[in-house]
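All remarks here apply to the structure that follows.
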Amino acid sequence: MPIVAQSTETTDWVSRFADEVIEESERRAPGKPVVVASGLSPSGPIHLGNLREVMTPHLVADEIRRRGYQVRHLISWDDYDRYRKVPAGVPGVDETWAEHIGKPLTSVPAPKGSSYPNWAEHFKAAMIQSLAELGVEFDGISQTEQYTSGVYREQILHAMRHRGDIDAILAQYRTKKAPAKKQQQKPVDEAELEAAEGSGAAAEDDGSSGSAGYFPYKPYCGNCEKDLTTVTSYDDDSTELTYSCTSCGFSETVRLNEFNRGKLVWKVDWPMRWAYEGVIFEPSGVDHSSPGSSFQVGGQIVGIFGGKQPIGPMYAFVGISGMAKMSSSKGGVPTPADALQIMEPQLLRWLYARRRPNQSFKVAFDQEIQRLYDEWDRLEAKVADGTALPADVAAHSRAVRTASGELPRTPRPLPYRTLASVADITAGHEDQALRILSDLDPANPLASLDEARPRYDKAEAWINTHVPADQRTIVRDEPDTELLKSLDEQGRESLRLLLDGLAGNWSLDGLTHLVYGVPKVQAGFSADATPKELPPEIKTSQRSFFALLYQLLVSRDTGPRLPTLLLAVGQERVRHLLGA
């Protein structure tokens with residue numbers, strides 16, 4: 001039996017929506033599976049903004065499953081939409097793809113070198129793989145298959161019979177469109193990734209063109225396959241439809257009750273599917289708050305098909321922090337696959353779970369990813385010891401597991417910033433990486449690098465793809481004799497104190513205590529003295545000491561955390577470079 005009790009996490013947005021969706025589903029379709037939906041257009045790389053279109057209903061659906069209900073999460077692949085433009089920077093695509101504009105996405109060739117049969121399948125594949133890694137269960141629906149097999153035939157004929165009613169609804173908004181604002185192009189690392197309105201519908205006409213009146217249906221041309229067509233006549237009784245193509249001049253007359261080469265225009269197509277599938281919950285982007293948006297108009301049109309508008313929270317944009325030019329995403333915007341290359345699925349799920357849909361957030365590709373991982377690890381510790389707040393516990397639970405079970409995780413989740421530093425310093429030498437990581441905790445050393453995977457691999461990928469070459473760490477081969485000769489007595493004493501303590505403090509904690517302690521001892525304090533017991537100038541001495549060590553080890557004023565760097569370089573080489 002379903003567990004009907006509401007969640008006690010009163011600040012958890014997922015639980016609140018689950019309560020509402022269950023109640024609404026029981027009202028509309030008692031005893032049937034709860035239906036939530038997402039829509040994705042494989043018109044190019046499917047980016048992290050689009051992922052919110054999926055993660056929002058996924059998290060709600062998963063909570064409902066945890067309570068014992070049956071749920072269907074539909075993902076409509078809008079692969080029967082028109083190909084609108086050639087996206088910039090996609091490998092294997094050139095200006096010749098412009099000749100396919102106006103065709104269904106499934107009729108456009110895949111980029112050169114792709115193993116997939118068409119454009120849509122090429123871009124769907126990467127998203128499907130990412131969703132599998134994220135633990136997202138869904139029922140995929142190809143709109144090409146739905147339309148070309150005649151699944152929606154009765155809905156199309158119904159829309160054509162009621163075209164006057166649909167036209168009257170759309171007419172309320174045609175004069176209310178605000179003038180387009182000229183926007184300055186933002187670089188990717190500052191841009192907000194907007195999840196397009198279904199299939200990019202903002203740019204699609206609503207079917208109102210043509211001297212023969214309004215028709216909510218667009219045939220694809222039987223000659224050139226493009227949707228640059230105009231319906232010139234239609235008979236409701238015989239369903240005889242005549243159209244002409246403005247692209248190639250072709251025209252023909254068909255019977256719509258037998259014809260499967262066309263689709264309803266977007267603002268009619270979306271509410272038709274709500275009614276057909278019985279959708280209870282489907283989110284939409286903030287652009288739907290404007291007059292005449294697809295979600296607002298659809299709320300009126302859906303009644304023509306005998307359905308109701310879903311519960312539809314509007315979600316905010318997803319921003320990107322520090323998407324480097326060397327990124328593997330060549331389509332101009334980072335994708336879930338790009339994010340999963342450098343972060344574990346749990347962290348990416350957490351970013352979407354911890355923020356309410358109307359709150360924007362950023363996915364980090366720069367140094368901020370290290371801070372995010374630190375925050376995540378602190379949350380894990382609080383959850384483990386029972387000190388985390390209820391809402392944080394709920395977000396953590398949604399990140400690490402689904403109703404089907406826990407996502408695979410790293411057995412020994414060492415700090416991400418440490419792993420990144422080790423990967424940076426060792427430059428792909430796994431034996432050296434294992435040596436360093438084993439020295440982090442000599443009492444409990446790693447037996448294999450696999451214990452630190454996949455987190456180690458994610459950190460290594462981040463170093464290799466998102467850290468510029470001039471910020472990489474290169475350890476000196478020989479001592480900087482000029483700098484060593486120029487040191488005053490205080491500088492030479494600081495190095496002696498460090499070298500004398502190396503052997504007895506050769507662990508991450510030990511070296512941390514040592515490098516912070518040397519300036520304290522030099523100033524006449526105990527190495528164990530706390531910041532409250534020390535004068536402010538000690539911090540200045542510590543910074544100067546750290547800068548000296550970085551110069552002597554890597555010829556820069558900064559670098560990876562010194563304890564990690566010392567472990568990476570190794571005792572013998574440290575002694576050599578510090579002039580022992």
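We label chains A, B, ... in the order they appear in the structure tokens, count residues from 1 in each chain, and number ligands from 1 in the order shown.
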
Quiz item: Could you name the residues that touch A:Glu375 at 12 Å or less, counting only C-alpha atoms, but leaving out those on the same chain fewer than 3 positions away, as a ChimeraX atom specification?
Solution: /A:347,350-351,368-372,378-382,392,396,415-417

Could you pull the residues within 8 Å of A:Gly207, counting only C-alpha atoms, minus those fewer than 6 positions along the same chain, as a PDB file with N, CA and C atoms, in the first residue's frame?
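The resulting file, part07.pdb, is reproduced below:
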```
ATOM      1  N   TYR A 214      -6.771  30.172 -40.127  1.00  0.00           N
ATOM      2  CA  TYR A 214      -5.861  29.604 -39.130  1.00  0.00           C
ATOM      3  C   TYR A 214      -5.896  28.076 -39.152  1.00  0.00           C
ATOM      4  N   PHE A 215      -4.709  27.464 -39.127  1.00  0.00           N
ATOM      5  CA  PHE A 215      -4.596  26.010 -39.006  1.00  0.00           C
ATOM      6  C   PHE A 215      -3.487  25.699 -38.009  1.00  0.00           C
ATOM      7  N   PRO A 216      -3.756  24.866 -37.002  1.00  0.00           N
ATOM      8  CA  PRO A 216      -2.744  24.564 -35.981  1.00  0.00           C
ATOM      9  C   PRO A 216      -1.826  23.405 -36.362  1.00  0.00           C
ATOM     10  N   TYR A 217      -1.728  23.128 -37.650  1.00  0.00           N
ATOM     11  CA  TYR A 217      -0.988  21.952 -38.133  1.00  0.00           C
ATOM     12  C   TYR A 217      -0.035  22.373 -39.238  1.00  0.00           C
ATOM     13  N   LYS A 218       1.197  21.841 -39.181  1.00  0.00           N
ATOM     14  CA  LYS A 218       2.212  22.138 -40.181  1.00  0.00           C
ATOM     15  C   LYS A 218       2.647  20.843 -40.862  1.00  0.00           C
ATOM     16  N   VAL A 265       1.498  22.664 -34.273  1.00  0.00           N
ATOM     17  CA  VAL A 265       2.431  23.712 -33.870  1.00  0.00           C
ATOM     18  C   VAL A 265       2.610  23.637 -32.348  1.00  0.00           C
TER      19      VAL A 265
END
```

Exercise. Mind listing the strand (DSSP E) residues of stretch 109-160 of chain A, per DSSP on the backbone, as an MDAnalysis selection string?
Key: chainID A and resid 139:142

Quiz item: Of the residues A:Ala459, A:Leu105, A:Met160, A:Ala384, which is the one nearest to A:Tyr220, using only C-alpha atoms?
Solution: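 Looking only at the distances to A:Tyr220, the closest residue turns out to be A:Leu105.
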
Quiz prompt | Backbone-only DSSP, helix (DSSP H, G or I) members of stretch 218-357 of chain A, as a ChimeraX atom specification | solution = /A:266-277,286-289,294-305,336-342,345-353

Take the residues that were just selected and, keeping N, CA and C atoms, output them as a CSV table (one decimal), in the first residue's frame.
```csv
chain,number,residue,atom,x,y,z
A,266,TRP,N,3.8,24.1,-31.9
A,266,TRP,CA,4.2,23.9,-30.5
A,266,TRP,C,3.1,24.3,-29.5
A,267,LYS,N,2.5,25.5,-29.6
A,267,LYS,CA,1.6,25.9,-28.5
A,267,LYS,C,0.3,25.1,-28.5
A,268,VAL,N,0.1,24.3,-29.5
A,268,VAL,CA,-1.0,23.3,-29.4
A,268,VAL,C,-0.5,21.9,-29.1
A,269,ASP,N,0.7,21.6,-29.6
A,269,ASP,CA,1.3,20.3,-29.4
A,269,ASP,C,1.5,20.0,-27.9
A,270,TRP,N,2.0,20.9,-27.2
A,270,TRP,CA,2.3,20.7,-25.8
A,270,TRP,C,1.1,20.4,-25.0
A,271,PRO,N,0.0,21.3,-25.0
A,271,PRO,CA,-1.1,20.9,-24.2
A,271,PRO,C,-1.9,19.7,-24.7
A,272,MET,N,-1.8,19.4,-26.0
A,272,MET,CA,-2.3,18.1,-26.5
A,272,MET,C,-1.7,16.9,-25.8
A,273,ARG,N,-0.4,17.0,-25.6
A,273,ARG,CA,0.4,15.9,-24.9
A,273,ARG,C,0.0,15.8,-23.5
A,274,TRP,N,-0.2,17.0,-22.8
A,274,TRP,CA,-0.6,16.9,-21.4
A,274,TRP,C,-1.9,16.1,-21.3
A,275,ALA,N,-2.8,16.4,-22.2
A,275,ALA,CA,-4.1,15.7,-22.1
A,275,ALA,C,-3.9,14.2,-22.5
A,276,TYR,N,-3.1,13.9,-23.5
A,276,TYR,CA,-3.0,12.6,-24.0
A,276,TYR,C,-2.3,11.7,-23.0
A,277,GLU,N,-1.2,12.2,-22.3
A,277,GLU,CA,-0.5,11.4,-21.4
A,277,GLU,C,-1.0,11.5,-19.9
A,286,VAL,N,11.6,30.2,-16.6
A,286,VAL,CA,11.0,31.4,-16.1
A,286,VAL,C,10.4,32.2,-17.3
A,287,ASP,N,10.8,31.9,-18.5
A,287,ASP,CA,10.3,32.6,-19.6
A,287,ASP,C,8.7,32.4,-19.7
A,288,HIS,N,8.2,31.4,-19.1
A,288,HIS,CA,6.8,31.1,-19.2
A,288,HIS,C,6.0,32.1,-18.3
A,289,SER,N,6.6,33.0,-17.6
A,289,SER,CA,5.8,33.9,-16.8
A,289,SER,C,5.3,35.1,-17.7
A,294,SER,N,4.1,29.6,-23.8
A,294,SER,CA,3.5,28.3,-24.1
A,294,SER,C,2.8,27.7,-23.0
A,295,PHE,N,3.4,27.9,-21.8
A,295,PHE,CA,2.7,27.2,-20.6
A,295,PHE,C,1.4,28.0,-20.3
A,296,GLN,N,1.4,29.3,-20.3
A,296,GLN,CA,0.2,30.0,-20.0
A,296,GLN,C,-0.9,29.8,-21.0
A,297,VAL,N,-0.5,29.9,-22.3
A,297,VAL,CA,-1.5,29.6,-23.4
A,297,VAL,C,-2.0,28.2,-23.3
A,298,GLY,N,-1.0,27.3,-23.1
A,298,GLY,CA,-1.4,25.8,-23.0
A,298,GLY,C,-2.4,25.5,-22.0
A,299,GLY,N,-2.4,26.3,-20.9
A,299,GLY,CA,-3.3,26.1,-19.8
A,299,GLY,C,-4.7,26.3,-20.2
A,300,GLN,N,-4.9,27.1,-21.3
A,300,GLN,CA,-6.3,27.3,-21.8
A,300,GLN,C,-6.6,26.3,-23.0
A,301,ILE,N,-5.6,26.0,-23.8
A,301,ILE,CA,-5.8,25.1,-24.9
A,301,ILE,C,-6.0,23.7,-24.5
A,302,VAL,N,-5.4,23.3,-23.4
A,302,VAL,CA,-5.5,21.9,-22.9
A,302,VAL,C,-6.9,21.5,-22.7
A,303,GLY,N,-7.8,22.4,-22.3
A,303,GLY,CA,-9.2,22.1,-22.1
A,303,GLY,C,-9.9,21.6,-23.4
A,304,ILE,N,-9.4,22.1,-24.6
A,304,ILE,CA,-10.0,21.7,-25.8
A,304,ILE,C,-9.8,20.2,-26.1
A,305,PHE,N,-8.7,19.7,-25.5
A,305,PHE,CA,-8.4,18.3,-25.6
A,305,PHE,C,-8.9,17.4,-24.4
A,336,PRO,N,25.7,18.1,-19.3
A,336,PRO,CA,25.9,17.2,-18.2
A,336,PRO,C,27.1,16.3,-18.3
A,337,ALA,N,27.4,15.8,-19.5
A,337,ALA,CA,28.6,15.0,-19.7
A,337,ALA,C,29.9,15.7,-19.3
A,338,ASP,N,29.9,17.0,-19.6
A,338,ASP,CA,31.1,17.8,-19.2
A,338,ASP,C,31.2,17.9,-17.7
A,339,ALA,N,30.1,18.1,-17.1
A,339,ALA,CA,30.1,18.2,-15.6
A,339,ALA,C,30.5,16.9,-15.0
A,340,LEU,N,29.9,15.8,-15.5
A,340,LEU,CA,30.2,14.5,-14.9
A,340,LEU,C,31.6,14.0,-15.2
A,341,GLN,N,32.3,14.7,-16.1
A,341,GLN,CA,33.7,14.3,-16.3
A,341,GLN,C,34.6,14.8,-15.2
A,342,ILE,N,34.1,15.8,-14.4
A,342,ILE,CA,34.9,16.4,-13.4
A,342,ILE,C,34.3,16.3,-12.0
A,345,PRO,N,28.5,11.9,-9.7
A,345,PRO,CA,27.0,12.2,-9.9
A,345,PRO,C,26.4,12.7,-8.7
A,346,GLN,N,26.8,12.2,-7.5
A,346,GLN,CA,26.2,12.7,-6.2
A,346,GLN,C,26.3,14.2,-6.1
A,347,LEU,N,27.4,14.8,-6.4
A,347,LEU,CA,27.6,16.2,-6.3
A,347,LEU,C,26.7,17.0,-7.2
A,348,LEU,N,26.6,16.5,-8.5
A,348,LEU,CA,25.8,17.2,-9.5
A,348,LEU,C,24.3,17.1,-9.1
A,349,ARG,N,23.9,15.9,-8.6
A,349,ARG,CA,22.5,15.8,-8.1
A,349,ARG,C,22.2,16.7,-7.0
A,350,TRP,N,23.2,16.8,-6.1
A,350,TRP,CA,23.0,17.7,-4.9
A,350,TRP,C,22.8,19.2,-5.3
A,351,LEU,N,23.5,19.6,-6.3
A,351,LEU,CA,23.4,21.0,-6.8
A,351,LEU,C,21.9,21.3,-7.2
A,352,TYR,N,21.3,20.3,-7.8
A,352,TYR,CA,19.9,20.5,-8.3
A,352,TYR,C,18.9,20.3,-7.2
A,353,ALA,N,19.3,19.4,-6.2
A,353,ALA,CA,18.3,19.0,-5.1
A,353,ALA,C,18.3,20.1,-4.0
```

Exercise. Tell me which protein, DNA and RNA residues are within 8 Å of A:Glu63, counting only C-alpha atoms, leaving out same-chain ones fewer than 4 positions away, and put them as a PyMOL selection string.
Key: chain A and resi 14-15+18+59+67+403

Quiz prompt | Surrounding residues of A:Val515 excluding itself and chain neighbours under 2 positions, 8 Å, only C-alpha atoms, as a PyMOL selection string | solution = chain A and resi 498+511-513+517-519+546+562-563

Quiz item: Within 12 Å of A:Leu567, counting only C-alpha atoms, which residues qualify if same-chain residues fewer than 6 places away don't, as number ranges by chain?
Solution: A: 418, 421-422, 425-426, 432-442, 502-503, 505-512, 560-561, 573-574

Exercise. Find the spatial neighbours of A:Ala547, counting only C-alpha atoms, within a cut-off of 9 Å - ignore same-chain residues fewer than 5 positions away - and output them as a list of chain:residue names.
Key: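 These residues fall inside the cut-off: A:Gln542, A:Leu552, A:Arg556, A:Asp557, A:Thr558.
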
Okay, now the selection with N, CA and C atoms, as a PDB file, in the first residue's frame?
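Result file is again.pdb:
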```pdb
ATOM      1  N   GLN A 542      53.900  33.738   8.372  1.00  0.00           N
ATOM      2  CA  GLN A 542      53.529  32.463   7.745  1.00  0.00           C
ATOM      3  C   GLN A 542      53.411  32.622   6.236  1.00  0.00           C
ATOM      4  N   LEU A 552      61.077  28.021  -3.843  1.00  0.00           N
ATOM      5  CA  LEU A 552      62.150  27.030  -3.866  1.00  0.00           C
ATOM      6  C   LEU A 552      61.711  25.700  -4.469  1.00  0.00           C
ATOM      7  N   ARG A 556      57.199  29.614  -7.979  1.00  0.00           N
ATOM      8  CA  ARG A 556      56.043  30.515  -7.972  1.00  0.00           C
ATOM      9  C   ARG A 556      55.755  30.922  -6.543  1.00  0.00           C
ATOM     10  N   ASP A 557      54.926  31.954  -6.382  1.00  0.00           N
ATOM     11  CA  ASP A 557      54.585  32.408  -5.029  1.00  0.00           C
ATOM     12  C   ASP A 557      53.448  31.606  -4.403  1.00  0.00           C
ATOM     13  N   THR A 558      52.734  30.875  -5.228  1.00  0.00           N
ATOM     14  CA  THR A 558      51.609  30.078  -4.738  1.00  0.00           C
ATOM     15  C   THR A 558      51.631  28.713  -5.418  1.00  0.00           C
TER      16      THR A 558
END
```

Exercise. Tell me which protein, DNA and RNA residues are within 10 Å of A:Asn464, counting only C-alpha atoms, leaving out same-chain ones fewer than 2 positions away, and put them as number ranges by chain.
Key: A: 326-327, 342, 420, 423-424, 427-428, 458-462, 466-469, 472

I need the residues from that last selection saved to file as a short mmCIF file (atom, residue, chain, number, x, y, z; two decimals), in the first residue's frame (with N, CA and C atoms), if you can.
```cif
data_model
loop_
_atom_site.label_atom_id
_atom_site.label_comp_id
_atom_site.auth_asym_id
_atom_site.auth_seq_id
_atom_site.Cartn_x
_atom_site.Cartn_y
_atom_site.Cartn_z
N MET A 326 39.39 25.53 -22.97
CA MET A 326 39.90 24.21 -23.33
C MET A 326 38.88 23.11 -23.04
N SER A 327 37.66 23.49 -22.68
CA SER A 327 36.63 22.52 -22.32
C SER A 327 36.35 21.57 -23.46
N ILE A 342 34.12 15.85 -14.44
CA ILE A 342 34.95 16.40 -13.38
C ILE A 342 34.31 16.28 -11.99
N ALA A 420 43.24 16.69 -6.63
CA ALA A 420 43.57 17.52 -7.78
C ALA A 420 45.05 17.92 -7.74
N ALA A 423 47.13 14.87 -8.65
CA ALA A 423 47.04 14.60 -10.08
C ALA A 423 47.85 15.63 -10.87
N ASP A 424 47.84 16.87 -10.41
CA ASP A 424 48.59 17.94 -11.07
C ASP A 424 50.09 17.67 -10.99
N ALA A 427 51.23 14.27 -12.85
CA ALA A 427 51.06 14.30 -14.30
C ALA A 427 50.80 12.93 -14.90
N GLY A 428 49.89 12.18 -14.29
CA GLY A 428 49.47 10.91 -14.86
C GLY A 428 50.23 9.69 -14.38
N LYS A 458 37.96 12.08 -11.52
CA LYS A 458 37.26 13.34 -11.77
C LYS A 458 38.19 14.52 -11.52
N ALA A 459 38.95 14.45 -10.42
CA ALA A 459 39.88 15.53 -10.09
C ALA A 459 40.98 15.63 -11.14
N GLU A 460 41.47 14.49 -11.59
CA GLU A 460 42.51 14.49 -12.63
C GLU A 460 41.97 15.09 -13.92
N ALA A 461 40.72 14.75 -14.27
CA ALA A 461 40.12 15.31 -15.48
C ALA A 461 39.97 16.82 -15.35
N TRP A 462 39.61 17.29 -14.15
CA TRP A 462 39.48 18.74 -13.95
C TRP A 462 40.82 19.43 -14.16
N HIS A 466 40.51 21.90 -17.29
CA HIS A 466 40.00 23.20 -16.86
C HIS A 466 41.01 24.08 -16.12
N VAL A 467 42.23 23.60 -15.94
CA VAL A 467 43.26 24.42 -15.30
C VAL A 467 44.26 24.82 -16.39
N PRO A 468 44.38 26.12 -16.66
CA PRO A 468 45.29 26.57 -17.72
C PRO A 468 46.73 26.12 -17.47
N ALA A 469 47.46 25.97 -18.54
CA ALA A 469 48.83 25.46 -18.45
C ALA A 469 49.70 26.32 -17.54
N ARG A 472 49.46 25.25 -13.90
CA ARG A 472 49.84 23.89 -13.51
C ARG A 472 51.11 23.92 -12.67
#
```

Exercise. Could you jot down the atom CA of A:Gly249 to atom CA of A:Pro219 separation for me, Å, one decimal place?
Key: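 So the two atoms, atom CA of A:Gly249 and atom CA of A:Pro219, lie 13.9 Å apart.
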
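Checking A:Glu225, A:Asp235, A:Asp477, A:Glu430 one by one against A:Leu578, counting only C-alpha atoms, you find the shortest gap at A:Asp477.
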